[in-house]
Every structure is written in structure tokens, then in C-alpha cells.
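A short write-up of the structure that comes next.
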Amino acid sequence: MTIQILGTGCAKCKTLHANAEAAVKAAGIHAVMEKVEDIQEIIKFGVMMTPALAIDGKVQVVGKVPSADEIRRMLA
Amino acid sequence: MSECCASNDTTLLFACSGGSNVAQIANDAAKALDQLGQGRMYCAVGVVARFPGFVETANKADKRVLIDGCEVQCLKKGFEAAGVPVCVRVVVTDLGIEKGHHFDYTQDEVAKVAGAVSKQLGVTPCCGGS
């Protein structure tokens with residue numbers, strides 16, 4: 001599984017990254033964490049608001065920071 | 001970002017919005033950059049028409065970005081005529097996107113233009129406001 005955090009490095013992006021890492025740990029799964037900070041790549045996802053979260057290339061959350069628990073449920 | 005630029009510096013984005021694919025790609029790229037916090041989209045036509053308030057606001061910005069659709073370069077010429085200097089300029093057709101009188105374009109093309117602007121913004125010092 002690949003989890004991508006889309007954002008240009010803002011504080012919310014960092015929080016989302018931390019929450020996603022916590023969610024992966026809580027779920028007890030193996031996932032590759034990837035930061036997507038390039039504007040061109042972010043827009044290719046169709047994302048116009050950051051931060052955003054994609055799981056296996058599919059955008060799940062846009063423009064907000066879900067909690068680790070919310071992300072864990074997305075991983076199930 | 002240049003050392004002279006604080007995080008709250010003003011970047012204004014001006015885009016062509018004419019009757020072709022490349023014009024609308026320019027417009028969509030500016031919208032995307034605005035929404036992604038890279039700058040604030042502003043009315044290019046108001047500046048080109050030389051309305052004093054628009055020209056004044058444009059000149060006060062720390063960075064002015066023009067996205068022209070094609071080699072006709074309406075915005076570049078219009079801004080020159082209005083006396084508004086430009087810091088970053090991208091022409092959509094220069095990026096290998098062919099102009100046509102249709103509106104069939106892709107998100108990847110919009111992303112390509114926005115990416116080119118973003119890269120230039122990252123290495124362009126402030127132009128200074130008036």
C-alpha cells in the first residue's frame with residue numbers, strides 16, 4: 001500500500017503526514033509513505049486544495065486534516 | 001524563495017482567458033495556483049484596460065505573474081502598455097501545447113503550466129511593489 005500526502009510543505013501537511021504514520025502503525029500494516037510536494041504533480045491528481053491524502057493513487061481527502069483514527073478506518 | 005520575500009508577500013496571478021484551449025489552460029492553471037496558495041488571481045483585463053485601481057493594485061504586488069496563452073502575447077503587450085512590470089511570464093504554447101479553437105484539454109496540461117509557473121516563482125526574487 002502507498003500513502004501519499006499532497007501538499008507544499010505547510011504545517012497542515014506535516015500534521016497530516018504524522019497522522020497518517022500513526023494510522024499505519026495503529027493498523028499494523030506495511031505502507032510506503034510518500035510526500036508529493038510538486039505543484040504539477042499535485043494538480044495531476046485533480047487536487048486544488050491542500051493538504052490532501054491519497055491511498056494507492058486514489059484521492060481520499062482534500063483540504064482538511066483527518067485524525068489518525070479516521071485515516072486508520074480508510075486503510076481497513 | 002528569495003530572501004527578500006516574506007511568506008506574506010503578495011503574488012498576483014494574471015491569466016489569458018480567450019477563446020482557445022491554451023487560453024483556458026492558462027486560466028485554469030492560474031485558478032489552481034490560487035487555490036493551492038501560490039498567489040492570488042487578479043483581473044488581467046482590468047489592468048490591460050488601464051483602469052487606475054487595477055493598475056495600482058497590480059503595481060503594488062511584490063510579484064506579478066503573467067500566463068499568456070499563445071505567441072500573440074496579449075497580456076505581455078497589455079501590461080507593457082499599462083506600465084506594469086512583470087516578474088514571471090509563461091506562454092502556454094511555449095510548453096509544447098498546440099493552440100486550437102476548442103476546449104478539449106487535460107488536467108495534465110493544466111498541471112504542466114501551473115508547474116512551470118511554480119518553478120519560476122521559486123527562483124524569482126521579488127520585483128518590488130511601487
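Letters A, B, ... mark the chains of the C-alpha cells in the order given; residue numbers begin at 1 per chain; ligand numbers begin at 1, in order shown.
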
*DSSP-assigned strand (DSSP E) among chain A, expressed as JSON, numbers by chain*: {"A": [2, 3, 4, 5, 6, 32, 33, 34, 35, 36, 52, 53, 54, 55, 58, 59, 60, 61, 62]}

Using only C-alpha atoms, please write the residues we just selected to a file, as a tab-separated table (two decimals), in the first residue's frame.
chain	number	residue	atom	x	y	z
A	2	THR	CA	1.19	3.52	-0.81
A	3	ILE	CA	0.01	6.54	1.12
A	4	GLN	CA	0.65	9.89	-0.50
A	5	ILE	CA	0.48	13.23	1.31
A	6	LEU	CA	-0.15	16.01	-1.17
A	32	VAL	CA	5.02	3.26	1.87
A	33	MET	CA	4.66	6.91	2.84
A	34	GLU	CA	5.28	9.41	0.06
A	35	LYS	CA	5.25	13.21	0.05
A	36	VAL	CA	4.02	14.89	-3.13
A	52	ALA	CA	-4.72	16.01	0.54
A	53	LEU	CA	-4.35	12.30	1.15
A	54	ALA	CA	-4.24	9.59	-1.49
A	55	ILE	CA	-4.17	5.87	-0.87
A	58	LYS	CA	-6.75	7.41	-5.21
A	59	VAL	CA	-7.51	10.73	-3.51
A	60	GLN	CA	-9.41	10.19	-0.27
A	61	VAL	CA	-9.28	13.54	1.50
A	62	VAL	CA	-8.87	17.08	0.17

_List as a list in words the protein and nucleic acid residues near A:Gly63, meaning an atom at most 10 Å away when only C-alpha atoms are counted, but skip any in the same chain fewer than 4 places from it._
Leu6, Gly7, Lys12, Cys13, Val47, Met48, Met49, Thr50, Pro51, Ala52 and Leu53 of chain A; Leu36 of chain B

What would the file look like if the residues just selected were written as a CSV table (one decimal), in the first residue's frame with N, CA and C atoms?
chain,number,residue,atom,x,y,z
A,6,LEU,N,-0.3,15.0,-0.2
A,6,LEU,CA,-0.1,16.0,-1.2
A,6,LEU,C,-0.2,17.4,-0.5
A,7,GLY,N,0.9,18.1,-0.7
A,7,GLY,CA,0.9,19.5,-0.1
A,7,GLY,C,2.3,20.1,-0.3
A,12,LYS,N,-0.1,22.1,8.0
A,12,LYS,CA,-1.2,21.1,8.0
A,12,LYS,C,-0.7,19.9,7.3
A,13,CYS,N,0.1,20.0,6.2
A,13,CYS,CA,0.7,18.9,5.5
A,13,CYS,C,1.5,18.0,6.4
A,47,VAL,N,-6.2,17.7,-7.5
A,47,VAL,CA,-6.3,18.3,-6.2
A,47,VAL,C,-6.1,19.8,-6.4
A,48,MET,N,-7.0,20.6,-5.9
A,48,MET,CA,-6.9,22.1,-5.9
A,48,MET,C,-6.8,22.7,-4.5
A,49,MET,N,-6.9,21.9,-3.5
A,49,MET,CA,-6.8,22.3,-2.1
A,49,MET,C,-5.9,21.4,-1.4
A,50,THR,N,-5.0,21.9,-0.6
A,50,THR,CA,-4.1,21.0,0.2
A,50,THR,C,-4.4,21.3,1.7
A,51,PRO,N,-4.0,20.4,2.5
A,51,PRO,CA,-3.4,19.1,2.2
A,51,PRO,C,-4.4,18.1,1.7
A,52,ALA,N,-3.9,17.1,1.0
A,52,ALA,CA,-4.7,16.0,0.5
A,52,ALA,C,-4.0,14.7,0.8
A,53,LEU,N,-4.9,13.6,0.9
A,53,LEU,CA,-4.4,12.3,1.2
A,53,LEU,C,-4.8,11.3,0.1
B,36,LEU,N,-4.1,26.7,-4.6
B,36,LEU,CA,-3.0,26.0,-3.9
B,36,LEU,C,-2.1,27.0,-3.1

_Distance query A:Gly46 at most 9 Å, only C-alpha atoms, self and fewer than 6 positions along chain excluded, as an NGL selection string_ = (:A and (59)) or (:B and (107-108 or 111))

Could you dump the residues just selected with C-alpha atoms as a CSV table (one decimal), in the first residue's frame?
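So the final result, stored in again-v2.csv, reads:
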chain,number,residue,atom,x,y,z
A,59,VAL,CA,-7.5,10.7,-3.5
B,107,GLN,CA,-5.7,18.1,-16.3
B,108,ASP,CA,-2.1,17.2,-17.1
B,111,ALA,CA,-0.7,20.9,-14.3

Please report, as CSV, each residue of chain B lying at most 12 Å from chain A, together with the nearest pair of atoms and the separation in Å rounded to one decimal; use only C-alpha atoms, and order rows by chain and ascending residue number.
residue,atom,partner,partner_atom,distance
B:Ser7,CA,A:Cys10,CA,11.4
B:Asp28,CA,A:Met48,CA,10.5
B:Ala29,CA,A:Ile43,CA,9.0
B:Ala30,CA,A:Met48,CA,11.0
B:Lys31,CA,A:Met48,CA,8.6
B:Ala32,CA,A:Met48,CA,5.6
B:Leu33,CA,A:Met48,CA,8.0
B:Asp34,CA,A:Met48,CA,8.7
B:Gln35,CA,A:Met48,CA,5.7
B:Leu36,CA,A:Met49,CA,5.5
B:Gly37,CA,A:Met49,CA,8.5
B:Gln38,CA,A:Ile39,CA,9.2
B:Thr106,CA,A:Lys44,CA,9.3
B:Gln107,CA,A:Lys44,CA,6.0
B:Asp108,CA,A:Lys44,CA,5.4
B:Glu109,CA,A:Lys44,CA,8.7
B:Val110,CA,A:Ile43,CA,7.7
B:Ala111,CA,A:Gln40,CA,4.6
B:Lys112,CA,A:Gln40,CA,5.8
B:Val113,CA,A:Gln40,CA,7.8
B:Ala114,CA,A:Gln40,CA,6.2
B:Gly115,CA,A:Gln40,CA,4.3
B:Ala116,CA,A:Gln40,CA,7.9
B:Val117,CA,A:Ile39,CA,9.4
B:Ser118,CA,A:Ile39,CA,6.8
B:Lys119,CA,A:Ile39,CA,8.7
B:Gln120,CA,A:Ile39,CA,11.9
B:Leu121,CA,A:Ile39,CA,11.5
B:Gly122,CA,A:Ile39,CA,11.4

Selection to disk with N, CA and C atoms, as a tab-separated table (two decimals), in the first residue's frame:
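Now in selection04.tsv:
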chain	number	residue	atom	x	y	z
B	7	SER	N	6.83	35.37	3.76
B	7	SER	CA	5.75	34.46	3.39
B	7	SER	C	4.46	35.21	3.07
B	28	ASP	N	-7.18	28.12	-16.15
B	28	ASP	CA	-7.31	27.04	-15.16
B	28	ASP	C	-6.04	26.89	-14.32
B	29	ALA	N	-4.89	27.09	-14.96
B	29	ALA	CA	-3.63	26.99	-14.21
B	29	ALA	C	-3.56	28.08	-13.15
B	30	ALA	N	-3.98	29.29	-13.51
B	30	ALA	CA	-3.98	30.39	-12.54
B	30	ALA	C	-4.94	30.10	-11.39
B	31	LYS	N	-6.11	29.54	-11.73
B	31	LYS	CA	-7.08	29.19	-10.68
B	31	LYS	C	-6.49	28.15	-9.73
B	32	ALA	N	-5.84	27.16	-10.31
B	32	ALA	CA	-5.25	26.10	-9.49
B	32	ALA	C	-4.15	26.66	-8.59
B	33	LEU	N	-3.31	27.52	-9.14
B	33	LEU	CA	-2.23	28.11	-8.35
B	33	LEU	C	-2.79	28.97	-7.22
B	34	ASP	N	-3.87	29.68	-7.51
B	34	ASP	CA	-4.53	30.48	-6.48
B	34	ASP	C	-5.03	29.56	-5.37
B	35	GLN	N	-5.74	28.52	-5.74
B	35	GLN	CA	-6.33	27.62	-4.74
B	35	GLN	C	-5.27	26.87	-3.95
B	36	LEU	N	-4.11	26.68	-4.56
B	36	LEU	CA	-3.04	25.99	-3.86
B	36	LEU	C	-2.12	26.96	-3.10
B	37	GLY	N	-2.54	28.22	-3.03
B	37	GLY	CA	-1.83	29.18	-2.19
B	37	GLY	C	-0.56	29.74	-2.78
B	38	GLN	N	-0.40	29.61	-4.10
B	38	GLN	CA	0.83	30.12	-4.74
B	38	GLN	C	0.73	31.61	-5.09
B	106	THR	N	-6.56	18.65	-21.07
B	106	THR	CA	-6.48	17.71	-19.95
B	106	THR	C	-5.97	18.38	-18.67
B	107	GLN	N	-6.23	17.69	-17.58
B	107	GLN	CA	-5.71	18.14	-16.29
B	107	GLN	C	-4.19	18.15	-16.30
B	108	ASP	N	-3.60	17.21	-17.03
B	108	ASP	CA	-2.14	17.15	-17.10
B	108	ASP	C	-1.56	18.40	-17.78
B	109	GLU	N	-2.29	18.91	-18.79
B	109	GLU	CA	-1.82	20.12	-19.47
B	109	GLU	C	-1.90	21.33	-18.53
B	110	VAL	N	-2.98	21.39	-17.78
B	110	VAL	CA	-3.12	22.47	-16.79
B	110	VAL	C	-1.99	22.35	-15.75
B	111	ALA	N	-1.73	21.13	-15.32
B	111	ALA	CA	-0.69	20.89	-14.32
B	111	ALA	C	0.69	21.30	-14.86
B	112	LYS	N	0.92	21.01	-16.13
B	112	LYS	CA	2.21	21.35	-16.75
B	112	LYS	C	2.45	22.87	-16.70
B	113	VAL	N	1.43	23.63	-17.00
B	113	VAL	CA	1.55	25.09	-17.00
B	113	VAL	C	1.72	25.62	-15.57
B	114	ALA	N	0.89	25.11	-14.67
B	114	ALA	CA	1.00	25.55	-13.27
B	114	ALA	C	2.36	25.18	-12.70
B	115	GLY	N	2.85	24.01	-13.08
B	115	GLY	CA	4.17	23.59	-12.60
B	115	GLY	C	5.27	24.51	-13.11
B	116	ALA	N	5.16	24.92	-14.37
B	116	ALA	CA	6.17	25.82	-14.94
B	116	ALA	C	6.16	27.17	-14.22
B	117	VAL	N	4.98	27.65	-13.89
B	117	VAL	CA	4.88	28.92	-13.16
B	117	VAL	C	5.49	28.75	-11.76
B	118	SER	N	5.11	27.67	-11.11
B	118	SER	CA	5.59	27.43	-9.74
B	118	SER	C	7.11	27.35	-9.68
B	119	LYS	N	7.70	26.67	-10.68
B	119	LYS	CA	9.16	26.55	-10.70
B	119	LYS	C	9.81	27.92	-10.88
B	120	GLN	N	9.25	28.74	-11.77
B	120	GLN	CA	9.81	30.08	-11.98
B	120	GLN	C	9.64	30.95	-10.74
B	121	LEU	N	8.50	30.81	-10.10
B	121	LEU	CA	8.25	31.62	-8.89
B	121	LEU	C	9.28	31.31	-7.81
B	122	GLY	N	9.67	30.04	-7.75
B	122	GLY	CA	10.62	29.61	-6.73
B	122	GLY	C	12.00	30.20	-6.87

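Residue nearest A:Val24, chosen from A:Met1, A:Gly57, A:Glu37, A:Val65 and counting only C-alpha atoms: A:Met1.
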
*asked:* So the first atom is atom CA of B:Val45 and the second is atom CA of B:Gly96; what is the distance between them in Å, to one decimal place?
replied: 25.4 Å

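Residues in contact with stretch 65-67 of chain B at 6 Å, where only C-alpha atoms are counted and same-chain residues fewer than 6 positions away are skipped, are listed as B:Leu13, B:Phe14, B:Ala15, B:Ala26, B:Val88, B:Arg89, B:Val90, B:Val91.
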
*So which residues of stretch 12-112 of chain B fall under helix (DSSP H, G or I) by DSSP, listed as an NGL selection string?*
:B and (21-35 or 44-48 or 52-60 or 74-82 or 92-95 or 107-112)

File dump, residues just selected, N, CA and C atoms, as a CSV table (one decimal), in the first residue's frame:
chain,number,residue,atom,x,y,z
B,21,ASN,N,-8.1,26.6,-26.5
B,21,ASN,CA,-7.7,25.7,-25.5
B,21,ASN,C,-6.6,26.3,-24.6
B,22,VAL,N,-5.6,26.9,-25.3
B,22,VAL,CA,-4.4,27.3,-24.5
B,22,VAL,C,-4.8,28.5,-23.5
B,23,ALA,N,-5.8,29.3,-24.0
B,23,ALA,CA,-6.2,30.4,-23.1
B,23,ALA,C,-6.9,29.8,-21.9
B,24,GLN,N,-7.7,28.9,-22.1
B,24,GLN,CA,-8.4,28.3,-20.9
B,24,GLN,C,-7.5,27.4,-20.0
B,25,ILE,N,-6.5,26.9,-20.6
B,25,ILE,CA,-5.5,26.2,-19.8
B,25,ILE,C,-4.8,27.2,-18.9
B,26,ALA,N,-4.5,28.3,-19.5
B,26,ALA,CA,-3.8,29.4,-18.7
B,26,ALA,C,-4.7,29.8,-17.6
B,27,ASN,N,-6.0,30.0,-17.9
B,27,ASN,CA,-6.9,30.4,-16.8
B,27,ASN,C,-7.1,29.4,-15.8
B,28,ASP,N,-7.2,28.1,-16.1
B,28,ASP,CA,-7.3,27.0,-15.2
B,28,ASP,C,-6.0,26.9,-14.3
B,29,ALA,N,-4.9,27.1,-15.0
B,29,ALA,CA,-3.6,27.0,-14.2
B,29,ALA,C,-3.6,28.1,-13.2
B,30,ALA,N,-4.0,29.3,-13.5
B,30,ALA,CA,-4.0,30.4,-12.5
B,30,ALA,C,-4.9,30.1,-11.4
B,31,LYS,N,-6.1,29.5,-11.7
B,31,LYS,CA,-7.1,29.2,-10.7
B,31,LYS,C,-6.5,28.1,-9.7
B,32,ALA,N,-5.8,27.2,-10.3
B,32,ALA,CA,-5.2,26.1,-9.5
B,32,ALA,C,-4.2,26.7,-8.6
B,33,LEU,N,-3.3,27.5,-9.1
B,33,LEU,CA,-2.2,28.1,-8.3
B,33,LEU,C,-2.8,29.0,-7.2
B,34,ASP,N,-3.9,29.7,-7.5
B,34,ASP,CA,-4.5,30.5,-6.5
B,34,ASP,C,-5.0,29.6,-5.4
B,35,GLN,N,-5.7,28.5,-5.7
B,35,GLN,CA,-6.3,27.6,-4.7
B,35,GLN,C,-5.3,26.9,-3.9
B,44,ALA,N,-6.9,40.4,-15.2
B,44,ALA,CA,-5.9,40.8,-16.2
B,44,ALA,C,-6.5,41.9,-17.1
B,45,VAL,N,-7.8,41.7,-17.4
B,45,VAL,CA,-8.4,42.6,-18.3
B,45,VAL,C,-8.5,44.0,-17.7
B,46,GLY,N,-8.7,44.1,-16.4
B,46,GLY,CA,-8.8,45.4,-15.8
B,46,GLY,C,-7.5,46.2,-15.9
B,47,VAL,N,-6.4,45.4,-15.8
B,47,VAL,CA,-5.1,46.1,-16.0
B,47,VAL,C,-4.8,46.5,-17.4
B,48,VAL,N,-5.1,45.5,-18.3
B,48,VAL,CA,-4.9,45.8,-19.8
B,48,VAL,C,-5.8,47.0,-20.2
B,52,PRO,N,-7.4,52.7,-13.5
B,52,PRO,CA,-6.4,53.1,-12.5
B,52,PRO,C,-6.3,52.2,-11.2
B,53,GLY,N,-7.5,51.8,-10.7
B,53,GLY,CA,-7.4,50.9,-9.5
B,53,GLY,C,-6.8,49.6,-9.7
B,54,PHE,N,-7.0,49.0,-10.9
B,54,PHE,CA,-6.4,47.7,-11.2
B,54,PHE,C,-4.9,47.8,-11.4
B,55,VAL,N,-4.6,48.9,-12.1
B,55,VAL,CA,-3.1,49.1,-12.4
B,55,VAL,C,-2.4,49.4,-11.1
B,56,GLU,N,-3.0,50.2,-10.2
B,56,GLU,CA,-2.4,50.5,-8.9
B,56,GLU,C,-2.2,49.2,-8.1
B,57,THR,N,-3.2,48.4,-8.0
B,57,THR,CA,-3.1,47.1,-7.2
B,57,THR,C,-2.1,46.2,-7.8
B,58,ALA,N,-2.0,46.1,-9.1
B,58,ALA,CA,-1.0,45.3,-9.8
B,58,ALA,C,0.4,45.8,-9.5
B,59,ASN,N,0.6,47.1,-9.5
B,59,ASN,CA,1.9,47.6,-9.3
B,59,ASN,C,2.4,47.5,-7.8
B,60,LYS,N,1.4,47.4,-6.9
B,60,LYS,CA,1.8,47.3,-5.5
B,60,LYS,C,2.2,45.8,-5.1
B,74,CYS,N,-1.0,38.8,-25.7
B,74,CYS,CA,-1.9,39.9,-25.4
B,74,CYS,C,-1.6,40.5,-24.0
B,75,LEU,N,-1.4,39.6,-23.0
B,75,LEU,CA,-1.1,40.1,-21.7
B,75,LEU,C,0.2,40.9,-21.6
B,76,LYS,N,1.2,40.3,-22.2
B,76,LYS,CA,2.5,40.9,-22.1
B,76,LYS,C,2.5,42.3,-22.7
B,77,LYS,N,1.9,42.4,-23.9
B,77,LYS,CA,1.8,43.7,-24.5
B,77,LYS,C,0.9,44.7,-23.8
B,78,GLY,N,-0.2,44.1,-23.2
B,78,GLY,CA,-1.2,45.0,-22.5
B,78,GLY,C,-0.5,45.5,-21.2
B,79,PHE,N,0.2,44.7,-20.5
B,79,PHE,CA,0.9,45.1,-19.3
B,79,PHE,C,2.0,46.1,-19.6
B,80,GLU,N,2.7,45.9,-20.7
B,80,GLU,CA,3.7,46.9,-21.1
B,80,GLU,C,3.0,48.3,-21.3
B,81,ALA,N,1.9,48.2,-22.0
B,81,ALA,CA,1.2,49.5,-22.4
B,81,ALA,C,0.7,50.2,-21.1
B,82,ALA,N,0.3,49.3,-20.1
B,82,ALA,CA,-0.2,49.9,-18.9
B,82,ALA,C,0.9,50.3,-17.9
B,92,VAL,N,1.8,29.4,-22.7
B,92,VAL,CA,1.3,28.0,-22.8
B,92,VAL,C,1.9,27.3,-24.0
B,93,THR,N,1.8,27.9,-25.2
B,93,THR,CA,2.3,27.3,-26.4
B,93,THR,C,3.8,27.0,-26.4
B,94,ASP,N,4.5,27.8,-25.6
B,94,ASP,CA,6.0,27.5,-25.4
B,94,ASP,C,6.3,26.2,-24.7
B,95,LEU,N,5.3,25.7,-24.1
B,95,LEU,CA,5.4,24.4,-23.3
B,95,LEU,C,5.1,23.2,-24.2
B,107,GLN,N,-6.2,17.7,-17.6
B,107,GLN,CA,-5.7,18.1,-16.3
B,107,GLN,C,-4.2,18.1,-16.3
B,108,ASP,N,-3.6,17.2,-17.0
B,108,ASP,CA,-2.1,17.2,-17.1
B,108,ASP,C,-1.6,18.4,-17.8
B,109,GLU,N,-2.3,18.9,-18.8
B,109,GLU,CA,-1.8,20.1,-19.5
B,109,GLU,C,-1.9,21.3,-18.5
B,110,VAL,N,-3.0,21.4,-17.8
B,110,VAL,CA,-3.1,22.5,-16.8
B,110,VAL,C,-2.0,22.4,-15.8
B,111,ALA,N,-1.7,21.1,-15.3
B,111,ALA,CA,-0.7,20.9,-14.3
B,111,ALA,C,0.7,21.3,-14.9
B,112,LYS,N,0.9,21.0,-16.1
B,112,LYS,CA,2.2,21.4,-16.8
B,112,LYS,C,2.5,22.9,-16.7

*In Å, with one decimal, what is the gap from atom CA of A:Ala68 to atom CA of A:Asp56?*
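Answer for the atom CA of A:Ala68 to atom CA of A:Asp56 separation: 17.5 Å.
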
Identify, on the basis of only C-alpha atoms, every residue whose closest approach to A:Ile29 does not exceed 10 Å; exclude the query and any residue fewer than 2 positions from it along the same chain; express the result as a compact mmCIF listing (two decimals) with C-alpha atoms, in the first residue's frame.
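So around04.txt came out as:
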# COMPACT_ATOMS: atom_id res chain seq x y z
CA MET A 1 0.00 0.00 0.00
CA ALA A 23 -2.69 5.40 11.48
CA VAL A 24 -0.40 2.94 9.69
CA LYS A 25 1.23 2.00 12.98
CA ALA A 26 -2.14 1.54 14.70
CA ALA A 27 -3.44 -0.55 11.82
CA ALA A 31 2.67 1.06 3.84
CA LEU A 75 -6.90 1.83 5.50
CA ALA A 76 -9.17 -1.02 6.56

*Using only C-alpha atoms, which residue out of B:Ala49, B:Cys70, B:Leu12, B:Cys43 lies closest to B:Cys87?*
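Nearest candidate to B:Cys87 out of B:Ala49, B:Cys70, B:Leu12, B:Cys43: B:Leu12.
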